[in-house]
Each structure stands twice: as C-alpha cells, then as structure tokens.
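Have a look at data.cif below; it lists mmCIF, C-alpha atoms.
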```cif
data_coords
loop_
_atom_site.group_PDB
_atom_site.id
_atom_site.type_symbol
_atom_site.label_atom_id
_atom_site.label_comp_id
_atom_site.auth_asym_id
_atom_site.auth_seq_id
_atom_site.Cartn_x
_atom_site.Cartn_y
_atom_site.Cartn_z
ATOM 1 C CA MET A 154 23.620 -30.507 4.290
ATOM 2 C CA SER A 155 23.184 -26.830 5.101
ATOM 3 C CA LEU A 156 19.948 -25.143 6.036
ATOM 4 C CA ALA A 157 19.000 -21.606 5.082
ATOM 5 C CA ASP A 158 16.127 -19.999 6.939
ATOM 6 C CA ILE A 159 13.399 -18.096 5.114
ATOM 7 C CA THR A 160 12.781 -15.334 7.623
ATOM 8 C CA ILE A 161 10.513 -12.313 7.906
ATOM 9 C CA PRO A 162 13.004 -9.446 8.316
ATOM 10 C CA GLN A 163 13.311 -7.874 11.735
ATOM 11 C CA GLY A 164 11.945 -4.342 11.777
ATOM 12 C CA LEU A 165 9.844 -4.819 8.641
ATOM 13 C CA TRP A 166 6.863 -3.373 10.444
ATOM 14 C CA ASP A 167 5.979 -1.900 13.834
ATOM 15 C CA THR A 168 4.300 -4.649 15.820
ATOM 16 C CA GLY A 169 3.094 -2.045 18.301
ATOM 17 C CA LYS A 170 0.781 -0.739 15.572
ATOM 18 C CA THR A 171 0.089 -3.975 13.677
ATOM 19 C CA PRO A 172 0.830 -7.056 15.802
ATOM 20 C CA GLU A 173 0.779 -9.669 13.056
ATOM 21 C CA GLY A 174 0.754 -10.414 9.368
ATOM 22 C CA VAL A 175 -0.232 -13.560 7.488
ATOM 23 C CA VAL A 176 1.336 -15.808 4.897
ATOM 24 C CA ALA A 177 -0.725 -14.954 1.844
ATOM 25 C CA ASN A 178 0.765 -17.481 -0.580
ATOM 26 C CA TRP A 179 3.472 -20.060 -1.095
ATOM 27 C CA PHE A 180 4.577 -20.240 -4.720
ATOM 28 C CA TYR A 181 6.317 -23.620 -4.368
ATOM 29 C CA ARG A 182 5.056 -26.773 -2.702
ATOM 30 C CA GLU A 183 6.688 -28.526 0.261
ATOM 31 C CA GLY A 184 9.624 -30.554 -1.042
ATOM 32 C CA SER A 185 10.050 -28.538 -4.242
ATOM 33 C CA THR A 186 13.469 -27.677 -5.575
ATOM 34 C CA VAL A 187 13.827 -23.909 -5.541
ATOM 35 C CA PRO A 188 16.584 -21.775 -7.082
ATOM 36 C CA ALA A 189 18.350 -19.174 -4.991
ATOM 37 C CA GLY A 190 16.605 -15.828 -5.236
ATOM 38 C CA ALA A 191 13.292 -17.235 -6.445
ATOM 39 C CA THR A 192 10.224 -15.605 -4.935
ATOM 40 C CA VAL A 193 8.898 -18.453 -2.837
ATOM 41 C CA ALA A 194 6.222 -16.757 -0.728
ATOM 42 C CA GLU A 195 4.382 -13.540 -0.009
ATOM 43 C CA ILE A 196 3.015 -12.199 3.222
ATOM 44 C CA MET A 197 0.287 -9.625 3.770
ATOM 45 C CA VAL A 198 0.447 -7.017 6.529
ATOM 46 C CA GLU A 199 -1.266 -3.627 6.756
ATOM 47 C CA LYS A 200 -2.270 -3.555 3.087
ATOM 48 C CA THR A 201 1.282 -4.438 2.068
ATOM 49 C CA ASN A 202 2.055 -7.458 -0.074
ATOM 50 C CA TYR A 203 5.685 -8.420 0.733
ATOM 51 C CA GLU A 204 7.525 -10.965 -1.411
ATOM 52 C CA ILE A 205 10.111 -13.288 0.117
ATOM 53 C CA ALA A 206 12.953 -14.812 -1.888
ATOM 54 C CA ALA A 207 14.735 -18.090 -1.248
ATOM 55 C CA PRO A 208 18.088 -17.315 0.425
ATOM 56 C CA ALA A 209 19.702 -20.345 -1.206
ATOM 57 C CA ALA A 210 18.983 -23.091 -3.704
ATOM 58 C CA GLY A 211 17.688 -26.410 -2.494
ATOM 59 C CA THR A 212 14.651 -28.251 -1.227
ATOM 60 C CA LEU A 213 11.905 -26.167 0.314
ATOM 61 C CA HIS A 214 10.474 -26.980 3.704
ATOM 62 C CA VAL A 215 7.393 -25.006 4.713
ATOM 63 C CA LEU A 216 7.141 -24.188 8.425
ATOM 64 C CA VAL A 217 4.279 -21.674 8.390
ATOM 65 C CA PRO A 218 1.508 -22.591 5.935
ATOM 66 C CA LYS A 219 -0.719 -20.277 3.945
ATOM 67 C CA ASP A 220 -2.899 -18.143 6.232
ATOM 68 C CA GLY A 221 -0.480 -18.732 9.102
ATOM 69 C CA VAL A 222 0.263 -15.782 11.372
ATOM 70 C CA VAL A 223 3.719 -14.171 11.243
ATOM 71 C CA ARG A 224 5.715 -11.440 12.974
ATOM 72 C CA PRO A 225 9.090 -9.866 12.138
ATOM 73 C CA GLY A 226 11.708 -12.525 12.782
ATOM 74 C CA THR A 227 9.389 -15.484 12.134
ATOM 75 C CA VAL A 228 11.060 -18.305 10.200
ATOM 76 C CA ILE A 229 8.413 -19.366 7.704
ATOM 77 C CA GLY A 230 10.432 -22.013 5.914
ATOM 78 C CA ARG A 231 13.851 -23.473 5.222
ATOM 79 C CA VAL A 232 15.852 -24.441 2.194
ATOM 80 C CA ALA A 233 18.145 -27.451 2.498
ATOM 81 C CA MET B 29 -12.356 -5.449 -12.179
ATOM 82 C CA LEU B 30 -8.576 -5.713 -11.941
ATOM 83 C CA VAL B 31 -6.545 -7.587 -9.335
ATOM 84 C CA ARG B 32 -3.676 -5.441 -8.138
ATOM 85 C CA GLY B 33 -0.321 -6.481 -6.688
ATOM 86 C CA SER B 34 -0.611 -4.422 -3.516
ATOM 87 C CA GLY B 35 -2.687 -5.363 -0.516
ATOM 88 C CA GLY B 36 -6.074 -4.217 0.741
ATOM 89 C CA GLY B 37 -9.717 -4.445 -0.240
ATOM 90 C CA ALA B 38 -11.755 -3.199 -3.179
ATOM 91 C CA CYS B 39 -10.675 0.239 -4.371
ATOM 92 C CA PRO B 40 -12.809 1.999 -6.995
ATOM 93 C CA ILE B 41 -11.110 4.015 -9.703
ATOM 94 C CA GLY B 42 -12.726 6.278 -12.240
ATOM 95 C CA ALA B 43 -12.461 9.479 -14.219
ATOM 96 C CA GLY B 44 -12.338 11.488 -10.996
ATOM 97 C CA THR B 45 -9.569 9.546 -9.266
ATOM 98 C CA VAL B 46 -5.812 9.642 -9.693
ATOM 99 C CA GLN B 47 -3.574 6.644 -9.182
ATOM 100 C CA CYS B 48 0.052 7.382 -8.296
ATOM 101 C CA ALA B 49 2.981 5.555 -6.774
ATOM 102 C CA LEU B 50 6.414 5.979 -5.292
ATOM 103 C CA ILE B 51 8.845 3.280 -6.383
ATOM 104 C CA ARG B 52 11.840 2.784 -4.084
ATOM 105 C CA ALA B 53 14.833 0.471 -4.545
ATOM 106 C CA LEU B 54 15.565 -0.681 -0.980
ATOM 107 C CA PRO B 55 18.659 -2.629 0.077
ATOM 108 C CA ARG B 56 18.079 -5.116 2.891
ATOM 109 C CA GLY B 57 17.028 -3.549 6.176
ATOM 110 C CA THR B 58 16.924 0.064 4.987
ATOM 111 C CA SER B 59 13.231 0.763 5.387
ATOM 112 C CA SER B 60 10.008 -0.437 6.917
ATOM 113 C CA ILE B 61 6.414 -0.588 5.828
ATOM 114 C CA GLU B 62 5.529 2.398 8.024
ATOM 115 C CA GLU B 63 8.489 4.466 6.772
ATOM 116 C CA THR B 64 7.473 3.863 3.164
ATOM 117 C CA TYR B 65 3.858 4.816 3.897
ATOM 118 C CA GLY B 66 5.218 7.978 5.475
ATOM 119 C CA ALA B 67 7.226 8.839 2.379
ATOM 120 C CA LEU B 68 4.199 8.335 0.132
ATOM 121 C CA ALA B 69 1.926 10.336 2.414
ATOM 122 C CA ALA B 70 4.407 13.215 2.722
ATOM 123 C CA TRP B 71 4.353 13.665 -1.051
ATOM 124 C CA ILE B 72 0.574 13.720 -1.334
ATOM 125 C CA GLN B 73 -0.040 15.644 1.870
ATOM 126 C CA GLY B 74 2.437 18.307 0.783
ATOM 127 C CA ALA B 75 0.606 18.789 -2.493
ATOM 128 C CA LEU B 76 -2.734 19.076 -0.676
ATOM 129 C CA GLU B 77 -1.352 21.434 1.961
ATOM 130 C CA ALA B 78 -0.085 23.751 -0.775
ATOM 131 C CA PHE B 79 -3.739 24.275 -1.708
ATOM 132 C CA GLY B 80 -4.990 24.750 1.829
ATOM 133 C CA ILE B 81 -6.178 21.192 2.428
ATOM 134 C CA SER B 82 -4.929 20.010 5.809
ATOM 135 C CA THR B 83 -4.674 16.260 6.217
ATOM 136 C CA SER B 84 -3.513 13.609 8.616
ATOM 137 C CA MET B 85 -2.644 9.947 8.190
ATOM 138 C CA GLY B 86 -4.727 7.335 9.928
ATOM 139 C CA PRO B 87 -7.660 4.939 9.704
ATOM 140 C CA VAL B 88 -11.148 5.650 8.354
ATOM 141 C CA PRO B 89 -12.899 2.365 9.161
ATOM 142 C CA ASP B 90 -16.119 2.960 7.218
ATOM 143 C CA ALA B 91 -14.387 3.969 3.967
ATOM 144 C CA PHE B 92 -13.498 1.571 1.126
ATOM 145 C CA CYS B 93 -10.291 -0.470 1.465
ATOM 146 C CA PRO B 94 -9.742 0.449 5.139
ATOM 147 C CA GLY B 95 -6.270 0.574 6.650
ATOM 148 C CA LYS B 96 -4.173 2.458 9.178
ATOM 149 C CA HIS B 97 -2.384 4.699 6.681
ATOM 150 C CA GLU B 98 -5.126 6.510 4.817
ATOM 151 C CA ILE B 99 -4.835 10.205 4.021
ATOM 152 C CA VAL B 100 -7.633 11.914 5.884
ATOM 153 C CA ALA B 101 -9.212 15.354 5.489
ATOM 154 C CA GLY B 102 -11.734 16.464 8.073
ATOM 155 C CA GLY B 103 -12.168 12.915 9.322
ATOM 156 C CA ARG B 104 -12.923 11.552 5.851
ATOM 157 C CA LYS B 105 -10.761 9.542 3.460
ATOM 158 C CA ILE B 106 -9.338 11.576 0.594
ATOM 159 C CA ALA B 107 -6.720 9.056 -0.522
ATOM 160 C CA GLY B 108 -6.088 5.380 0.102
ATOM 161 C CA THR B 109 -2.675 3.751 0.212
ATOM 162 C CA ALA B 110 -1.214 0.270 -0.188
ATOM 163 C CA GLN B 111 2.155 -1.297 -0.983
ATOM 164 C CA HIS B 112 3.752 -4.098 -2.949
ATOM 165 C CA TRP B 113 7.365 -5.034 -2.124
ATOM 166 C CA ARG B 114 8.892 -7.035 -4.967
ATOM 167 C CA ALA B 115 11.842 -9.236 -4.005
ATOM 168 C CA GLY B 116 15.197 -8.430 -5.571
ATOM 169 C CA GLY B 117 18.650 -9.920 -5.017
ATOM 170 C CA ALA B 118 20.544 -10.199 -1.723
ATOM 171 C CA GLY B 119 17.477 -9.469 0.366
ATOM 172 C CA SER B 120 16.712 -6.218 -1.421
ATOM 173 C CA HIS B 121 13.285 -5.115 -2.546
ATOM 174 C CA VAL B 122 11.595 -2.688 -4.872
ATOM 175 C CA ALA B 123 8.798 -1.141 -2.842
ATOM 176 C CA ILE B 124 5.861 0.199 -4.827
ATOM 177 C CA ALA B 125 3.868 2.485 -2.536
ATOM 178 C CA ALA B 126 0.628 3.330 -4.306
ATOM 179 C CA ALA B 127 -2.143 5.801 -3.634
ATOM 180 C CA SER B 128 -5.606 6.306 -5.039
ATOM 181 C CA ILE B 129 -6.617 9.922 -4.626
ATOM 182 C CA ASN B 130 -10.249 10.933 -4.966
ATOM 183 C CA VAL B 131 -9.918 14.181 -6.906
ATOM 184 C CA GLU B 132 -13.574 14.745 -7.779
ATOM 185 C CA ASP B 133 -15.649 11.556 -7.811
ATOM 186 C CA ASP B 134 -18.937 11.646 -5.880
ATOM 187 C CA PRO B 135 -18.644 9.763 -2.561
ATOM 188 C CA LYS B 136 -22.131 8.319 -3.064
ATOM 189 C CA SER B 137 -21.091 6.814 -6.392
ATOM 190 C CA ILE B 138 -17.877 5.459 -4.895
ATOM 191 C CA ALA B 139 -19.716 3.848 -2.006
ATOM 192 C CA ALA B 140 -22.368 2.416 -4.323
ATOM 193 C CA VAL B 141 -19.896 0.592 -6.568
ATOM 194 C CA VAL B 142 -17.881 -0.709 -3.610
ATOM 195 C CA ASN B 143 -20.990 -1.969 -1.856
ATOM 196 C CA GLU B 144 -22.302 -3.612 -5.020
ATOM 197 C CA PHE B 145 -18.959 -5.426 -5.405
ATOM 198 C CA TYR B 146 -19.128 -6.797 -1.864
ATOM 199 C CA ARG B 147 -22.799 -7.717 -2.239
ATOM 200 C CA LEU B 148 -22.047 -9.725 -5.378
ATOM 201 C CA ALA B 149 -18.969 -11.285 -3.795
ATOM 202 C CA GLY B 150 -20.913 -12.287 -0.693
ATOM 203 C CA GLY B 151 -18.924 -10.017 1.597
ATOM 204 C CA SER B 152 -20.328 -8.160 4.573
ATOM 205 C CA PHE B 153 -18.223 -4.997 4.326
ATOM 206 C CA ARG B 154 -20.120 -1.841 3.459
ATOM 207 C CA CYS B 155 -18.643 1.561 2.628
ATOM 208 C CA ALA B 156 -20.285 4.727 3.952
ATOM 209 C CA PRO B 157 -20.406 7.769 1.620
ATOM 210 C CA SER B 158 -19.960 9.998 4.655
ATOM 211 C CA ALA B 159 -16.506 8.467 5.195
ATOM 212 C CA ILE B 160 -15.178 9.761 1.856
ATOM 213 C CA THR B 161 -14.251 13.197 0.557
ATOM 214 C CA SER B 162 -12.517 14.599 -2.523
ATOM 215 C CA VAL B 163 -9.949 17.217 -3.424
ATOM 216 C CA ARG B 164 -12.730 19.181 -5.154
ATOM 217 C CA ALA B 165 -14.949 19.125 -2.058
ATOM 218 C CA GLU B 166 -12.118 20.367 0.149
ATOM 219 C CA LEU B 167 -11.075 23.272 -2.066
ATOM 220 C CA ALA B 168 -12.360 26.851 -2.308
ATOM 221 C CA PRO B 169 -16.110 27.331 -2.102
ATOM 222 C CA THR B 170 -16.917 28.433 -5.664
ATOM 223 C CA GLU B 171 -17.225 25.904 -8.479
ATOM 224 C CA ALA B 172 -15.222 28.057 -10.908
ATOM 225 C CA ALA B 173 -12.393 28.370 -8.437
ATOM 226 C CA ARG B 174 -12.401 24.616 -7.898
ATOM 227 C CA ASP B 175 -12.116 23.928 -11.636
ATOM 228 C CA ASP B 176 -9.005 26.105 -11.846
ATOM 229 C CA LEU B 177 -7.538 24.677 -8.693
ATOM 230 C CA ILE B 178 -8.006 21.034 -9.694
ATOM 231 C CA GLY B 179 -5.723 21.520 -12.687
ATOM 232 C CA ALA B 180 -3.189 23.456 -10.668
ATOM 233 C CA TRP B 181 -3.233 20.868 -7.913
ATOM 234 C CA MET B 182 -2.571 18.028 -10.372
ATOM 235 C CA GLU B 183 0.434 19.958 -11.643
ATOM 236 C CA GLN B 184 1.618 20.509 -8.065
ATOM 237 C CA LEU B 185 1.397 16.782 -7.362
ATOM 238 C CA SER B 186 3.391 15.831 -10.418
ATOM 239 C CA GLN B 187 6.095 18.425 -9.863
ATOM 240 C CA SER B 188 6.527 18.103 -6.146
ATOM 241 C CA VAL B 189 7.794 14.565 -5.806
ATOM 242 C CA ALA B 190 11.340 14.958 -7.115
ATOM 243 C CA PHE B 191 11.875 18.150 -5.122
ATOM 244 C CA ARG B 192 10.674 16.668 -1.851
ATOM 245 C CA TRP B 193 12.635 13.472 -2.238
ATOM 246 C CA ALA B 194 15.872 15.210 -3.090
ATOM 247 C CA ALA B 195 15.353 17.677 -0.252
ATOM 248 C CA ALA B 196 15.146 14.767 2.157
ATOM 249 C CA GLY B 197 18.614 13.637 1.043
ATOM 250 C CA ASN B 198 17.446 10.473 -0.671
ATOM 251 C CA SER B 199 19.339 9.089 -3.623
ATOM 252 C CA HIS B 200 17.620 5.829 -4.589
ATOM 253 C CA PHE B 201 14.334 6.974 -5.988
ATOM 254 C CA GLU B 202 12.293 6.615 -9.128
ATOM 255 C CA ALA B 203 8.817 7.945 -9.729
#
```

Represent the structure contained in this file as structure tokens.
Amino acid sequence: MSLADITIPQGLWDTGKTPEGVVANWFYREGSTVPAGATVAEIMVEKTNYEIAAPAAGTLHVLVPKDGVVRPGTVIGRVA
Amino acid sequence: MLVRGSGGGACPIGAGTVQCALIRALPRGTSSIEETYGALAAWIQGALEAFGISTSMGPVPDAFCPGKHEIVAGGRKIAGTAQHWRAGGAGSHVAIAAASINVEDDPKSIAAVVNEFYRLAGGSFRCAPSAITSVRAELAPTEAARDDLIGAWMEQLSQSVAFRWAAAGNSHFEA
C-alpha cells in the first residue's frame, strides 16, 4: 500500500509576514474514497482561499482537522 | 448578500465600486500568495498613479475586510484585495486575485452597511468611515474635473492590464 501526502506547498506564502494559515474545510470525511485530483480541502491564509487536490486516488486520512493551524510544508492528510 | 470564493470579511459593493480580478494559470511552485497580490496591486496602483493618486500596499485595520495587502491612499483604504486559488491538475492552480475598488461611494455609507451586517451577525468588528477613501475623493479638487476623470480612469484601468502584464514578460495570463 502506498501513501501520498497531502501537503501545503513550500513557499506558498511568506511566514515572516503571516506565520500561519488554517484548514478552512475538508470536502471528504476521514476514510472516504477520493479520486486523484479531487479537491479535498481548502485552507485560508491572508484573505486567500487555497484549494488542495488529492495527489492520488485512495482512502483519505485526515491529519489536520478543520480549523487546525498550518504552515507551508505541513502535511494535512494522506491518501492510501 | 453573496458568499464569495475568495477569503476575507464582509466587503460592500455598490454603484460606486468596481470589482476586478486578475486570473493566472500557475504551474506548481511558480508563484506565491504575496507575488500574486503584488501583480494585482501593480495593475491597480499603476492606473491610479497615472491620475496622480499615489498609493502603497499594506494594512488598514479599521477598514472593512482588513488584510495586509490593501491598496492605501493617504493612510486610507481605496481598494481591498483577496484571492481564490482553484486546484488544477498536477499541482497547478488558477489563481483569481480580486479587488474591490471604491471609485465614488461615500465612506460613511460603506461603513454603515458593513457595521449593520456585523451587528446583525453578532460580530464585534466595526468599520470606521475615516479608514476609507475613494478614487473621486483623491482626484482633482473640482467636481466637474472629477466627473471627467472618473470615466478616464476607468478606461485607464481596463486598458492597462494587458500592457503591464506583457511588459513584465509574462505569458500565462487572462483577464
């Protein structure tokens, strides 16, 4: 079984200006089957709503729940 | 009341405001939130500068929908900005960088509708009229001159975007 991380891209924002963002929504529940490329979550940082797609198809595992704090590089979930 | 796809708080729109956006197709890792705000601001600031309105980009905490990337004239908010990055394939995104420019709405009216929204919603945020300005207020002193300039400025805004983007050597752009 392979795991694919759902990661906030490095360099997406300048943490020196805005230290953190938050997970605004998950669009699939823990344990759901998600297709590759599906928009699975969105984060909110500095008035920017940023959608995150599943990097692979499989079962979703949520690591950072809604309203959880994130930074560039944070792994917010995995697809197995 | 409409719920928008970009982030931020309540943003009033009316007959005296203009809503505009830059839409950028971004392959993975080719831009950041700050860089996209900069591109949006450069467009609007250039159009304002052409009519003698000097601006900066930064926060105006007491204005509606506060953030770090507002367009500011004389310490007051003249345009608000926000973004929505829609996921594409292979880690790419379409970034919609949007602005609401106060062309000629009265700051007192703007603040009143924002504050009424938050009062009804049970929120504590309050917008100060003194934190807001308009393109009309920042233009030449006579009313007649302002009427002429408002139309010319709108034309400047609409024509300037393709020129500025191409001049910066960008190829993936759609307005």

Decode the PyMOL selection byres ((chain A) within 12 of (chain B)) for the given file into explicit residues and return them as a PDB file with C-alpha atoms, in the frame of the given file.
```
ATOM      1  CA  ILE A 159      13.399 -18.096   5.114  1.00  0.00           C
ATOM      2  CA  THR A 160      12.781 -15.334   7.623  1.00  0.00           C
ATOM      3  CA  ILE A 161      10.513 -12.313   7.906  1.00  0.00           C
ATOM      4  CA  PRO A 162      13.004  -9.446   8.316  1.00  0.00           C
ATOM      5  CA  GLN A 163      13.311  -7.874  11.735  1.00  0.00           C
ATOM      6  CA  GLY A 164      11.945  -4.342  11.777  1.00  0.00           C
ATOM      7  CA  LEU A 165       9.844  -4.819   8.641  1.00  0.00           C
ATOM      8  CA  TRP A 166       6.863  -3.373  10.444  1.00  0.00           C
ATOM      9  CA  ASP A 167       5.979  -1.900  13.834  1.00  0.00           C
ATOM     10  CA  THR A 168       4.300  -4.649  15.820  1.00  0.00           C
ATOM     11  CA  GLY A 169       3.094  -2.045  18.301  1.00  0.00           C
ATOM     12  CA  LYS A 170       0.781  -0.739  15.572  1.00  0.00           C
ATOM     13  CA  THR A 171       0.089  -3.975  13.677  1.00  0.00           C
ATOM     14  CA  GLY A 174       0.754 -10.414   9.368  1.00  0.00           C
ATOM     15  CA  VAL A 175      -0.232 -13.560   7.488  1.00  0.00           C
ATOM     16  CA  ALA A 177      -0.725 -14.954   1.844  1.00  0.00           C
ATOM     17  CA  ALA A 189      18.350 -19.174  -4.991  1.00  0.00           C
ATOM     18  CA  GLY A 190      16.605 -15.828  -5.236  1.00  0.00           C
ATOM     19  CA  ALA A 191      13.292 -17.235  -6.445  1.00  0.00           C
ATOM     20  CA  THR A 192      10.224 -15.605  -4.935  1.00  0.00           C
ATOM     21  CA  VAL A 193       8.898 -18.453  -2.837  1.00  0.00           C
ATOM     22  CA  ALA A 194       6.222 -16.757  -0.728  1.00  0.00           C
ATOM     23  CA  GLU A 195       4.382 -13.540  -0.009  1.00  0.00           C
ATOM     24  CA  ILE A 196       3.015 -12.199   3.222  1.00  0.00           C
ATOM     25  CA  MET A 197       0.287  -9.625   3.770  1.00  0.00           C
ATOM     26  CA  VAL A 198       0.447  -7.017   6.529  1.00  0.00           C
ATOM     27  CA  GLU A 199      -1.266  -3.627   6.756  1.00  0.00           C
ATOM     28  CA  LYS A 200      -2.270  -3.555   3.087  1.00  0.00           C
ATOM     29  CA  THR A 201       1.282  -4.438   2.068  1.00  0.00           C
ATOM     30  CA  ASN A 202       2.055  -7.458  -0.074  1.00  0.00           C
ATOM     31  CA  TYR A 203       5.685  -8.420   0.733  1.00  0.00           C
ATOM     32  CA  GLU A 204       7.525 -10.965  -1.411  1.00  0.00           C
ATOM     33  CA  ILE A 205      10.111 -13.288   0.117  1.00  0.00           C
ATOM     34  CA  ALA A 206      12.953 -14.812  -1.888  1.00  0.00           C
ATOM     35  CA  ALA A 207      14.735 -18.090  -1.248  1.00  0.00           C
ATOM     36  CA  PRO A 208      18.088 -17.315   0.425  1.00  0.00           C
ATOM     37  CA  ALA A 209      19.702 -20.345  -1.206  1.00  0.00           C
ATOM     38  CA  PRO A 225       9.090  -9.866  12.138  1.00  0.00           C
TER      39      PRO A 225
END
```

Excluding region 127-133 of chain B and any residue of its chain fewer than 5 positions from it, enumerate the residues within 10 Å of it, using all atoms listed in the file, and give them as a VMD selection string. chain B and resid 39 to 50 65 68 to 69 72 98 to 99 105 to 111 138 160 to 166 174 178 181 to 182

Please dump the current selection as a PDB file, in the coordinates of the input; keep C-alpha atoms.
```
ATOM      1  CA  CYS B  39     -10.675   0.239  -4.371  1.00  0.00           C
ATOM      2  CA  PRO B  40     -12.809   1.999  -6.995  1.00  0.00           C
ATOM      3  CA  ILE B  41     -11.110   4.015  -9.703  1.00  0.00           C
ATOM      4  CA  GLY B  42     -12.726   6.278 -12.240  1.00  0.00           C
ATOM      5  CA  ALA B  43     -12.461   9.479 -14.219  1.00  0.00           C
ATOM      6  CA  GLY B  44     -12.338  11.488 -10.996  1.00  0.00           C
ATOM      7  CA  THR B  45      -9.569   9.546  -9.266  1.00  0.00           C
ATOM      8  CA  VAL B  46      -5.812   9.642  -9.693  1.00  0.00           C
ATOM      9  CA  GLN B  47      -3.574   6.644  -9.182  1.00  0.00           C
ATOM     10  CA  CYS B  48       0.052   7.382  -8.296  1.00  0.00           C
ATOM     11  CA  ALA B  49       2.981   5.555  -6.774  1.00  0.00           C
ATOM     12  CA  LEU B  50       6.414   5.979  -5.292  1.00  0.00           C
ATOM     13  CA  TYR B  65       3.858   4.816   3.897  1.00  0.00           C
ATOM     14  CA  LEU B  68       4.199   8.335   0.132  1.00  0.00           C
ATOM     15  CA  ALA B  69       1.926  10.336   2.414  1.00  0.00           C
ATOM     16  CA  ILE B  72       0.574  13.720  -1.334  1.00  0.00           C
ATOM     17  CA  GLU B  98      -5.126   6.510   4.817  1.00  0.00           C
ATOM     18  CA  ILE B  99      -4.835  10.205   4.021  1.00  0.00           C
ATOM     19  CA  LYS B 105     -10.761   9.542   3.460  1.00  0.00           C
ATOM     20  CA  ILE B 106      -9.338  11.576   0.594  1.00  0.00           C
ATOM     21  CA  ALA B 107      -6.720   9.056  -0.522  1.00  0.00           C
ATOM     22  CA  GLY B 108      -6.088   5.380   0.102  1.00  0.00           C
ATOM     23  CA  THR B 109      -2.675   3.751   0.212  1.00  0.00           C
ATOM     24  CA  ALA B 110      -1.214   0.270  -0.188  1.00  0.00           C
ATOM     25  CA  GLN B 111       2.155  -1.297  -0.983  1.00  0.00           C
ATOM     26  CA  ILE B 138     -17.877   5.459  -4.895  1.00  0.00           C
ATOM     27  CA  ILE B 160     -15.178   9.761   1.856  1.00  0.00           C
ATOM     28  CA  THR B 161     -14.251  13.197   0.557  1.00  0.00           C
ATOM     29  CA  SER B 162     -12.517  14.599  -2.523  1.00  0.00           C
ATOM     30  CA  VAL B 163      -9.949  17.217  -3.424  1.00  0.00           C
ATOM     31  CA  ARG B 164     -12.730  19.181  -5.154  1.00  0.00           C
ATOM     32  CA  ALA B 165     -14.949  19.125  -2.058  1.00  0.00           C
ATOM     33  CA  GLU B 166     -12.118  20.367   0.149  1.00  0.00           C
ATOM     34  CA  ARG B 174     -12.401  24.616  -7.898  1.00  0.00           C
ATOM     35  CA  ILE B 178      -8.006  21.034  -9.694  1.00  0.00           C
ATOM     36  CA  TRP B 181      -3.233  20.868  -7.913  1.00  0.00           C
ATOM     37  CA  MET B 182      -2.571  18.028 -10.372  1.00  0.00           C
TER      38      MET B 182
END
```

Could you list, as a compact mmCIF listing (two decimals) with C-alpha atoms, in the coordinates of the input, every residue within 6 Å of region 215-224 of chain A, counting only C-alpha atoms and ignoring same-chain residues fewer than 3 positions away?
```
# COMPACT_ATOMS: atom_id res chain seq x y z
CA GLU A 173 0.78 -9.67 13.06
CA GLY A 174 0.75 -10.41 9.37
CA VAL A 175 -0.23 -13.56 7.49
CA VAL A 176 1.34 -15.81 4.90
CA ALA A 177 -0.72 -14.95 1.84
CA ASN A 178 0.76 -17.48 -0.58
CA GLU A 183 6.69 -28.53 0.26
CA THR A 227 9.39 -15.48 12.13
CA ILE A 229 8.41 -19.37 7.70
CA GLY A 230 10.43 -22.01 5.91
```

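Here CA of Thr186 (chain A) is placed at a distance of 18.5 Å from CA of Val228 (chain A).
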
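The spacing separating CA of Lys136 (chain B) from CA of Ala70 (chain B) amounts to 27.6 Å.
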
Interatomic distance, CA of Pro135 (chain B) to CA of Gln73 (chain B) (Å, one decimal): 20.0 Å

Where's the centre, and what are the edge lengths in Å to one decimal, of a box along x, y and z enclosing all listed atoms of region 207-226 of chain A padded 5 Å per side, as lines of an AutoDock Vina configuration file?
```
center_x = 8.4
center_y = -19.1
center_z = 4.6
size_x = 32.6
size_y = 28.4
size_z = 26.7
```

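Residue nearest Leu156 (chain A) within the list A:Val187, A:Phe180, A:Gly226, A:Gly211: A:Gly211 [criterion: smallest interatomic distance, all atoms listed in the file].
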